Structures are given as C-alpha cells and as structure tokens.
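See structure below.
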Amino acid sequence: MAVTESVVAPEGAPGESEGARDGGAGATERARAAHEGILRRQSARESAARTYARALPIVPVRARGLTIEGADGRRYLDCLSGAGTLALGHNHPVVLEAIRKVLDSGAPLHVLDLATPVKDAFTTELFRTLPPRFAERARVQFCGPAGTDAVEAAFKLVRAATGRTGMLAFTGAYHGMTAGALEASGGATDVRVARLPYPQDYRCPFGIGGDRGAELAARWTESLLDDTKSGVPLPAGMIFEPVQGEGGVIPAPDAWTRRMREITAARSIPLIVDEVQTGVGRTGAFWAVEHSGITPDVMVLSKAIGGSLPLAVVVYRDDLDVWLPGAHAGTFRGNQLAMAAGTATLAYVREHGLAERAATVGARMLTQLRGLAAEFPCIGDVRGRGLMIGLELVDPEGPPHLTPDGPRPAAPELAAAVQRECLRRGLIVELGGRRSSVVRLLPPLTISDEQTSAVLDRLADAVSAVARGDHRLGRDGARGADAPR
C-alpha cells in the first residue's frame, strides 16, 4: 500500500489566512502588505522573462506535501509540483532526512565528477529502477543540473558516436531552453532538425486520429528516412517524449512508440527518450518507456531524480560511450545534496509502489474530468497518463477543424481564466499546449484520496465559473480587473 498524504490542508483550509484563524485583522493586513511588497520588488528587479510569477502571484513561505502557504497566510493545493519535479511533494520527510544526513556528516558538497559514497548510492538506486534490459548495458553521464543540459549532452553523445549531425524531433515537442534543445522543440524558428508528426487523437495532423492516424505518422517517418530526395540525410539520432508535457499532455500510443523503436533500430539511428518530466512514476510506470516495452538507446533524466534539487543525467547504451576525457563536463555535475535527495526519492517511489498509485489515482481523475467535459462544452478534450493530466479549453461556438465533427478552436483566454479561478479557490495549476489552451495537473505522487477529491472539486467549480462567465466579475459581482472593458 502506498503511503500518501492524509489531509487536504493541515491547520486550515486553502485560501484561509492565519490572521483570519487567529481573529487578528491587523496580522492579516501586515501579511498582505508583506506579500504585496515582495511581488512589487520582484516585478521591479527581475527579468521580463519570468513566467510562473506572472500567472501565479503568490509568495510561498512554507510548504509540505501538496500544500503551499503564501506570505499572506493563504494556503493552496499545488498541482504544479515544480513542473513535475516534486514526485513526493514539498519537503517530504525522507528527502529532508537524506539532505540532513549529508550536511551533518561533514561530506564535501562540491566534488566535480569524483567518486563519493553519495554518488555511488545514487547510481546504484538509479540503475535498480531502470528497465532491466536497458540497465544491463547502461552508462551514466552526469552533466549540468537542468534537463536541457542533459538534452544537449545527449545530442553531443549521438553525434560523436555516429559521426552524423542531423536530429529528428516531433511537432509539439519541448526539450529545454538552451540553443540545441530549443531547435528540437516545437517553438523553434531557425532549425537544423527535421520535424516529424507526433500522433494524437484530438488534433490529429491527418484529421483521423486513433490507430490509423498513428500509423500514418509512422509511415511519414519511414518515407522521410528512405526517400533519397526527402532532403533529410541519415540523422545522428531521434528524440521524443513518451508523453508531451508542454505540448499539451499528449501520450504517445504504445504501438507507435514500438514502431519508432523498430524504424530507428533498422537504420542504426540512436533513439533518445526524454523522460525529464515523465520519469519516476509520473505516468503510472516508473519510466514511461515501460508502457510500450521498448529499450531506448539513450534516456534523458532530470526533475524528480534530484528529489527537488538540481540534478540531470544521460543514461545510454555502452557502445555509444565514445567520449574522450573532458569531452563533456560541467562544474556543478556532482551535486551531493541532490544525489542524496534523489536516492531517497527513487527508493521511496519504488518501495511504496507510487507509480502504481499514480496509475490508479490518475485513472480516477481522468474518469471524473471526462464527466466534467460532458457537462461543459468548453472542455474540448481530457487526456493524460497517470498523474500527468490535461484539459484542453476550446471555443464551443467556433468552427470545427478539418472535419465537420473536428475539434473546436483552442481558447487560451478560457484556459487562463480557469487557472485564475483555480487560484482564487486555493488550487495551483499549470497551462501548456498549443496557444497555452491546456490546463495541466501534475500533483505529487503522494496525493491522498481526500486531496484528490478536493482538487477535482475546486477545478470543477473553477470551470463552472468560467463557463457561466463569472470570471469576468469580481467576488461582489462587479466587473473584475481582468475582464474586458
């Protein structure tokens, strides 16, 4: 039985302030003033590139599990989880204990790529969780601390191993924000990467979806590679996400994934699977490739493997290990605290069956959310795998796409309104997908049944408010600040 959180919001409901509970109006005002002052200074000092801070104007000061408390005393249920980083939620006891143990031991915190007992324990636990056929011949490269660093390292690796330069990637992909990773992502503009169709049911590029749409996507890939006049020479590698996250929570069909493995293996093209967000139980299997049963050549890992701290690695088949000493390095590739936290997280997810728990809870959430979609036409599609869930908001009155019964136009303004209404109700959600029209849920794997119900209730209430047009009004019925004037 998985160990999960048993309370919705300890010491008060989300949205309720400490001052209100204490009956102190003065304390509430002071907390609100401190909160607003911090936000003002952030706006004045930080880069215009900041993102989450714009949609989520909160100032977290304490957190545990699913719950965050802001500087103004309000409490929230966090279904963003550090963009999927927090497999065990905020400040899980086993993670904190692992970090304290390293700090109290006197061990060095910075060691470059030297061997340490902490690193050895992390690597051992990581290999224990990997798909067995993959782990048998695997090597691990510690690189920079972010997922995008691992993607860059993977590209360098396969280019060095094959002597080729081009890459294959997919529409809707997201692999990070550095130059090479961006070239392989869906928003790229100046690319050296061939783009392939990623199969999906709701907005199938061929207008048919299902198994037939996935088969056509696979045939397109084969044709591109085998046509001597396609303009795409044999590439150094192919990279894809088993579930596209930022692309709108789109799970790859297992049969299509197996076809990609067959196509690449037959042509000696290394297959890179980006498990930065899908890994460590998120999709209902420890690693998302396990759903299809494939053995990739390279896996890119980050986010949850560091137990909330920065850590990224590339794991790959041993015959690709052609690096010369120093061919790829990074000053902060030996983060001892992150490795300790990561070891504790990997072991806890494995020992407590949290991947299986994610599959069960995720299936329940998808069922209830599809019932919500049947009630509100502004929800065009509900999809996901495990605890990686998305609701695509659409204009129900807009013209259908491609076919008479095709999908309606994406409605980013409705998705943003749902996100705001969720926040007002003490629920933090993410947006993604084409035109940021998908409301995304990435709760920690430790979410309890009680908390799951609370999340679903608040989301349903937010969608209902938006569908009624209440998001255009303030709480007293007056026109809100975000409403059209």
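Ordering of the structure tokens sets the chain letters (A, B, ...), residue numbers begin anew at 1 in every chain, and ligands are numbered from 1 in the order given.
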
*Fewer than 3 positions away in the same chain doesn't count, so skip those; otherwise give me all residues within 7 Å of Arg164 (chain A), counting only C-alpha atoms, as a PyMOL selection string.*
chain A and resi 159+235-236

Please produce a file of the residues just selected, as a short mmCIF file (atom, residue, chain, number, x, y, z; two decimals), in the first residue's frame, where the atoms kept are C-alpha atoms.
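Full text of out-v1.cif as output:
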```
data_model
loop_
_atom_site.label_atom_id
_atom_site.label_comp_id
_atom_site.auth_asym_id
_atom_site.auth_seq_id
_atom_site.Cartn_x
_atom_site.Cartn_y
_atom_site.Cartn_z
CA ARG A 159 26.72 12.95 -32.89
CA PRO A 235 20.45 11.63 -38.74
CA ALA A 236 22.56 11.25 -35.63
#
```

*Compile the contact shell of Val276 (chain A) as JSON, numbers by chain: residues with an atom at most 12 Å away, counting only C-alpha atoms, same-chain residues fewer than 2 positions apart removed.*
{"A": [83, 84, 85, 145, 146, 147, 148, 149, 150, 151, 174, 175, 176, 240, 241, 242, 243, 244, 245, 246, 272, 273, 274, 278, 279, 280, 281, 282, 283, 287, 288, 299, 300, 301, 302, 303, 304, 305, 306, 311, 312, 313, 314, 315]}

*Please give the complete set of residues from region 326-479 of chain A that DSSP, run on the backbone, assigns to strand (DSSP E or B), formatted as a VMD selection string.*
chain A and resid 379 to 385 388 to 394 410 427 to 428 430 to 432 438 to 441 473 479

May I have the selected residues written with N, CA and C atoms, as a PDB file, in the first residue's frame?
```pdb
ATOM      1  N   ILE A 379     -14.740  22.412 -22.527  1.00  0.00           N
ATOM      2  CA  ILE A 379     -13.654  21.438 -22.400  1.00  0.00           C
ATOM      3  C   ILE A 379     -13.689  20.562 -23.635  1.00  0.00           C
ATOM      4  N   GLY A 380     -12.747  20.772 -24.534  1.00  0.00           N
ATOM      5  CA  GLY A 380     -12.737  20.021 -25.780  1.00  0.00           C
ATOM      6  C   GLY A 380     -12.217  18.617 -25.621  1.00  0.00           C
ATOM      7  N   ASP A 381     -11.226  18.430 -24.742  1.00  0.00           N
ATOM      8  CA  ASP A 381     -10.614  17.113 -24.604  1.00  0.00           C
ATOM      9  C   ASP A 381     -10.015  16.983 -23.215  1.00  0.00           C
ATOM     10  N   VAL A 382     -10.063  15.781 -22.676  1.00  0.00           N
ATOM     11  CA  VAL A 382      -9.395  15.423 -21.422  1.00  0.00           C
ATOM     12  C   VAL A 382      -8.474  14.261 -21.732  1.00  0.00           C
ATOM     13  N   ARG A 383      -7.212  14.356 -21.364  1.00  0.00           N
ATOM     14  CA  ARG A 383      -6.257  13.313 -21.720  1.00  0.00           C
ATOM     15  C   ARG A 383      -5.123  13.272 -20.704  1.00  0.00           C
ATOM     16  N   GLY A 384      -4.347  12.208 -20.770  1.00  0.00           N
ATOM     17  CA  GLY A 384      -3.205  12.098 -19.887  1.00  0.00           C
ATOM     18  C   GLY A 384      -2.836  10.657 -19.644  1.00  0.00           C
ATOM     19  N   ARG A 385      -1.861  10.483 -18.768  1.00  0.00           N
ATOM     20  CA  ARG A 385      -1.415   9.159 -18.363  1.00  0.00           C
ATOM     21  C   ARG A 385      -0.885   9.266 -16.948  1.00  0.00           C
ATOM     22  N   MET A 388      -0.287  12.821 -14.920  1.00  0.00           N
ATOM     23  CA  MET A 388       0.108  13.824 -15.909  1.00  0.00           C
ATOM     24  C   MET A 388      -1.141  14.037 -16.767  1.00  0.00           C
ATOM     25  N   ILE A 389      -1.934  15.058 -16.424  1.00  0.00           N
ATOM     26  CA  ILE A 389      -3.301  15.193 -16.928  1.00  0.00           C
ATOM     27  C   ILE A 389      -3.503  16.572 -17.533  1.00  0.00           C
ATOM     28  N   GLY A 390      -4.266  16.637 -18.621  1.00  0.00           N
ATOM     29  CA  GLY A 390      -4.550  17.912 -19.272  1.00  0.00           C
ATOM     30  C   GLY A 390      -5.995  18.026 -19.704  1.00  0.00           C
ATOM     31  N   LEU A 391      -6.542  19.246 -19.611  1.00  0.00           N
ATOM     32  CA  LEU A 391      -7.868  19.579 -20.135  1.00  0.00           C
ATOM     33  C   LEU A 391      -7.687  20.670 -21.173  1.00  0.00           C
ATOM     34  N   GLU A 392      -8.068  20.414 -22.402  1.00  0.00           N
ATOM     35  CA  GLU A 392      -7.939  21.427 -23.441  1.00  0.00           C
ATOM     36  C   GLU A 392      -9.215  22.267 -23.509  1.00  0.00           C
ATOM     37  N   LEU A 393      -9.059  23.581 -23.331  1.00  0.00           N
ATOM     38  CA  LEU A 393     -10.180  24.518 -23.384  1.00  0.00           C
ATOM     39  C   LEU A 393     -10.364  25.008 -24.812  1.00  0.00           C
ATOM     40  N   VAL A 394     -11.603  25.016 -25.269  1.00  0.00           N
ATOM     41  CA  VAL A 394     -11.906  25.399 -26.647  1.00  0.00           C
ATOM     42  C   VAL A 394     -13.075  26.374 -26.665  1.00  0.00           C
ATOM     43  N   ALA A 410      -8.823  26.362 -30.234  1.00  0.00           N
ATOM     44  CA  ALA A 410      -8.273  26.485 -28.886  1.00  0.00           C
ATOM     45  C   ALA A 410      -8.693  27.817 -28.274  1.00  0.00           C
ATOM     46  N   LEU A 427      -6.138  26.540  -5.513  1.00  0.00           N
ATOM     47  CA  LEU A 427      -5.605  25.437  -6.317  1.00  0.00           C
ATOM     48  C   LEU A 427      -4.645  25.992  -7.362  1.00  0.00           C
ATOM     49  N   ILE A 428      -3.429  25.464  -7.397  1.00  0.00           N
ATOM     50  CA  ILE A 428      -2.411  25.885  -8.357  1.00  0.00           C
ATOM     51  C   ILE A 428      -2.354  24.886  -9.499  1.00  0.00           C
ATOM     52  N   GLU A 430      -1.181  24.464 -13.913  1.00  0.00           N
ATOM     53  CA  GLU A 430      -0.277  24.939 -14.958  1.00  0.00           C
ATOM     54  C   GLU A 430      -1.044  25.048 -16.273  1.00  0.00           C
ATOM     55  N   LEU A 431      -0.526  25.848 -17.197  1.00  0.00           N
ATOM     56  CA  LEU A 431      -1.051  25.888 -18.559  1.00  0.00           C
ATOM     57  C   LEU A 431       0.013  25.388 -19.529  1.00  0.00           C
ATOM     58  N   GLY A 432      -0.412  24.829 -20.643  1.00  0.00           N
ATOM     59  CA  GLY A 432       0.519  24.364 -21.662  1.00  0.00           C
ATOM     60  C   GLY A 432      -0.225  24.130 -22.954  1.00  0.00           C
ATOM     61  N   VAL A 438      -4.275  24.462 -22.660  1.00  0.00           N
ATOM     62  CA  VAL A 438      -4.462  23.231 -21.890  1.00  0.00           C
ATOM     63  C   VAL A 438      -4.170  23.495 -20.418  1.00  0.00           C
ATOM     64  N   VAL A 439      -5.138  23.203 -19.563  1.00  0.00           N
ATOM     65  CA  VAL A 439      -4.950  23.263 -18.112  1.00  0.00           C
ATOM     66  C   VAL A 439      -4.312  21.948 -17.686  1.00  0.00           C
ATOM     67  N   ARG A 440      -3.152  22.032 -17.059  1.00  0.00           N
ATOM     68  CA  ARG A 440      -2.371  20.839 -16.728  1.00  0.00           C
ATOM     69  C   ARG A 440      -2.351  20.578 -15.231  1.00  0.00           C
ATOM     70  N   LEU A 441      -2.438  19.288 -14.874  1.00  0.00           N
ATOM     71  CA  LEU A 441      -2.354  18.849 -13.480  1.00  0.00           C
ATOM     72  C   LEU A 441      -1.159  17.925 -13.328  1.00  0.00           C
ATOM     73  N   LEU A 473     -16.393  38.775 -13.546  1.00  0.00           N
ATOM     74  CA  LEU A 473     -16.907  39.587 -12.457  1.00  0.00           C
ATOM     75  C   LEU A 473     -16.063  39.404 -11.208  1.00  0.00           C
ATOM     76  N   ARG A 479     -17.468  44.086 -12.176  1.00  0.00           N
ATOM     77  CA  ARG A 479     -16.563  43.658 -13.217  1.00  0.00           C
ATOM     78  C   ARG A 479     -15.141  43.551 -12.660  1.00  0.00           C
TER      79      ARG A 479
END
```

Set the distance at 10 Å and use only C-alpha atoms: which residues neighbour Ala338 (chain A) once local chain neighbours fewer than 2 positions away are removed? I'd like the list as a short mmCIF file (atom, residue, chain, number, x, y, z; two decimals) with C-alpha atoms, in the first residue's frame.
```cif
data_model
loop_
_atom_site.label_atom_id
_atom_site.label_comp_id
_atom_site.auth_asym_id
_atom_site.auth_seq_id
_atom_site.Cartn_x
_atom_site.Cartn_y
_atom_site.Cartn_z
CA VAL A 95 14.08 13.80 1.43
CA ALA A 98 18.66 12.44 3.40
CA ILE A 99 19.80 16.05 2.99
CA LEU A 109 29.28 19.31 -1.03
CA VAL A 118 26.68 9.54 -2.01
CA LYS A 119 27.10 9.34 -5.78
CA PHE A 122 22.50 7.33 -6.20
CA PRO A 145 21.98 20.43 -13.38
CA ILE A 305 15.53 12.35 -9.93
CA GLY A 306 17.02 15.13 -7.77
CA GLY A 307 14.34 14.94 -5.10
CA SER A 308 13.55 18.69 -5.58
CA LEU A 309 17.19 19.77 -6.07
CA PRO A 310 19.02 20.37 -9.40
CA LEU A 311 20.27 17.16 -11.00
CA ALA A 312 20.32 15.81 -14.56
CA GLY A 334 28.42 16.49 -8.73
CA ASN A 335 25.67 17.96 -6.52
CA GLN A 336 25.89 15.76 -3.42
CA ALA A 340 21.17 12.14 -1.68
CA ALA A 341 17.70 13.60 -2.10
CA GLY A 342 17.35 11.79 -5.41
CA THR A 343 18.37 8.43 -3.94
CA ALA A 344 15.76 8.83 -1.20
#
```

_Counting only C-alpha atoms, which residue out of A:Thr295, A:Thr446, A:Leu234, A:Arg203 sits closest to Gly406 (chain A)?_
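Of A:Thr295, A:Thr446, A:Leu234, A:Arg203, the one nearest Gly406 (chain A), counting only C-alpha atoms, is A:Arg203.
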
*Might you pull out every residue within 12 Å of Gln368 (chain A), with only C-alpha atoms counted and same-chain residues fewer than 5 positions away left off, and present them as a list of chain:residue names?*
A:Val361, A:Gly362, A:Ala363, A:Ala373, A:Ala374, A:Glu375, A:Val382, A:Arg383, A:Ile389, A:Leu391, A:Thr452, A:Ser453, A:Val455, A:Leu456, A:Asp457, A:Leu459, A:Ala460

*Near-Ala359 (chain A) list (6 Å; only C-alpha atoms; drop same-chain fewer than 3 positions) as a ChimeraX atom specification*: /A:284,356,362,386

*Between A:Leu346, A:Leu196, A:Val463, A:Leu445, single out the one closest to Phe127 (chain A), counting only C-alpha atoms.*
A:Leu346

*So what do you get for CA of Ala194 (chain A) versus CA of Leu320 (chain A), distance-wise?*
22.2 Å

*Just asking: which residues within region 35-135 of chain A are helix (DSSP H, G or I) according to DSSP, as a ChimeraX atom specification?*
/A:35-45,52-55,81-84,93-105,117-129,132-135

*Find the residues around Ala34 (chain A) up to 12 Å (only C-alpha atoms counted), leave out those fewer than 3 positions away in its own chain, and share them as a VMD selection string.*
chain A and resid 27 to 31 37 to 41 58 to 61 70 to 73

*Using only C-alpha atoms, which residues sit within 10 Å of Arg192 (chain A) once same-chain residues fewer than 6 positions away are excluded, as a PyMOL selection string?*
chain A and resi 165-168+180+183-184
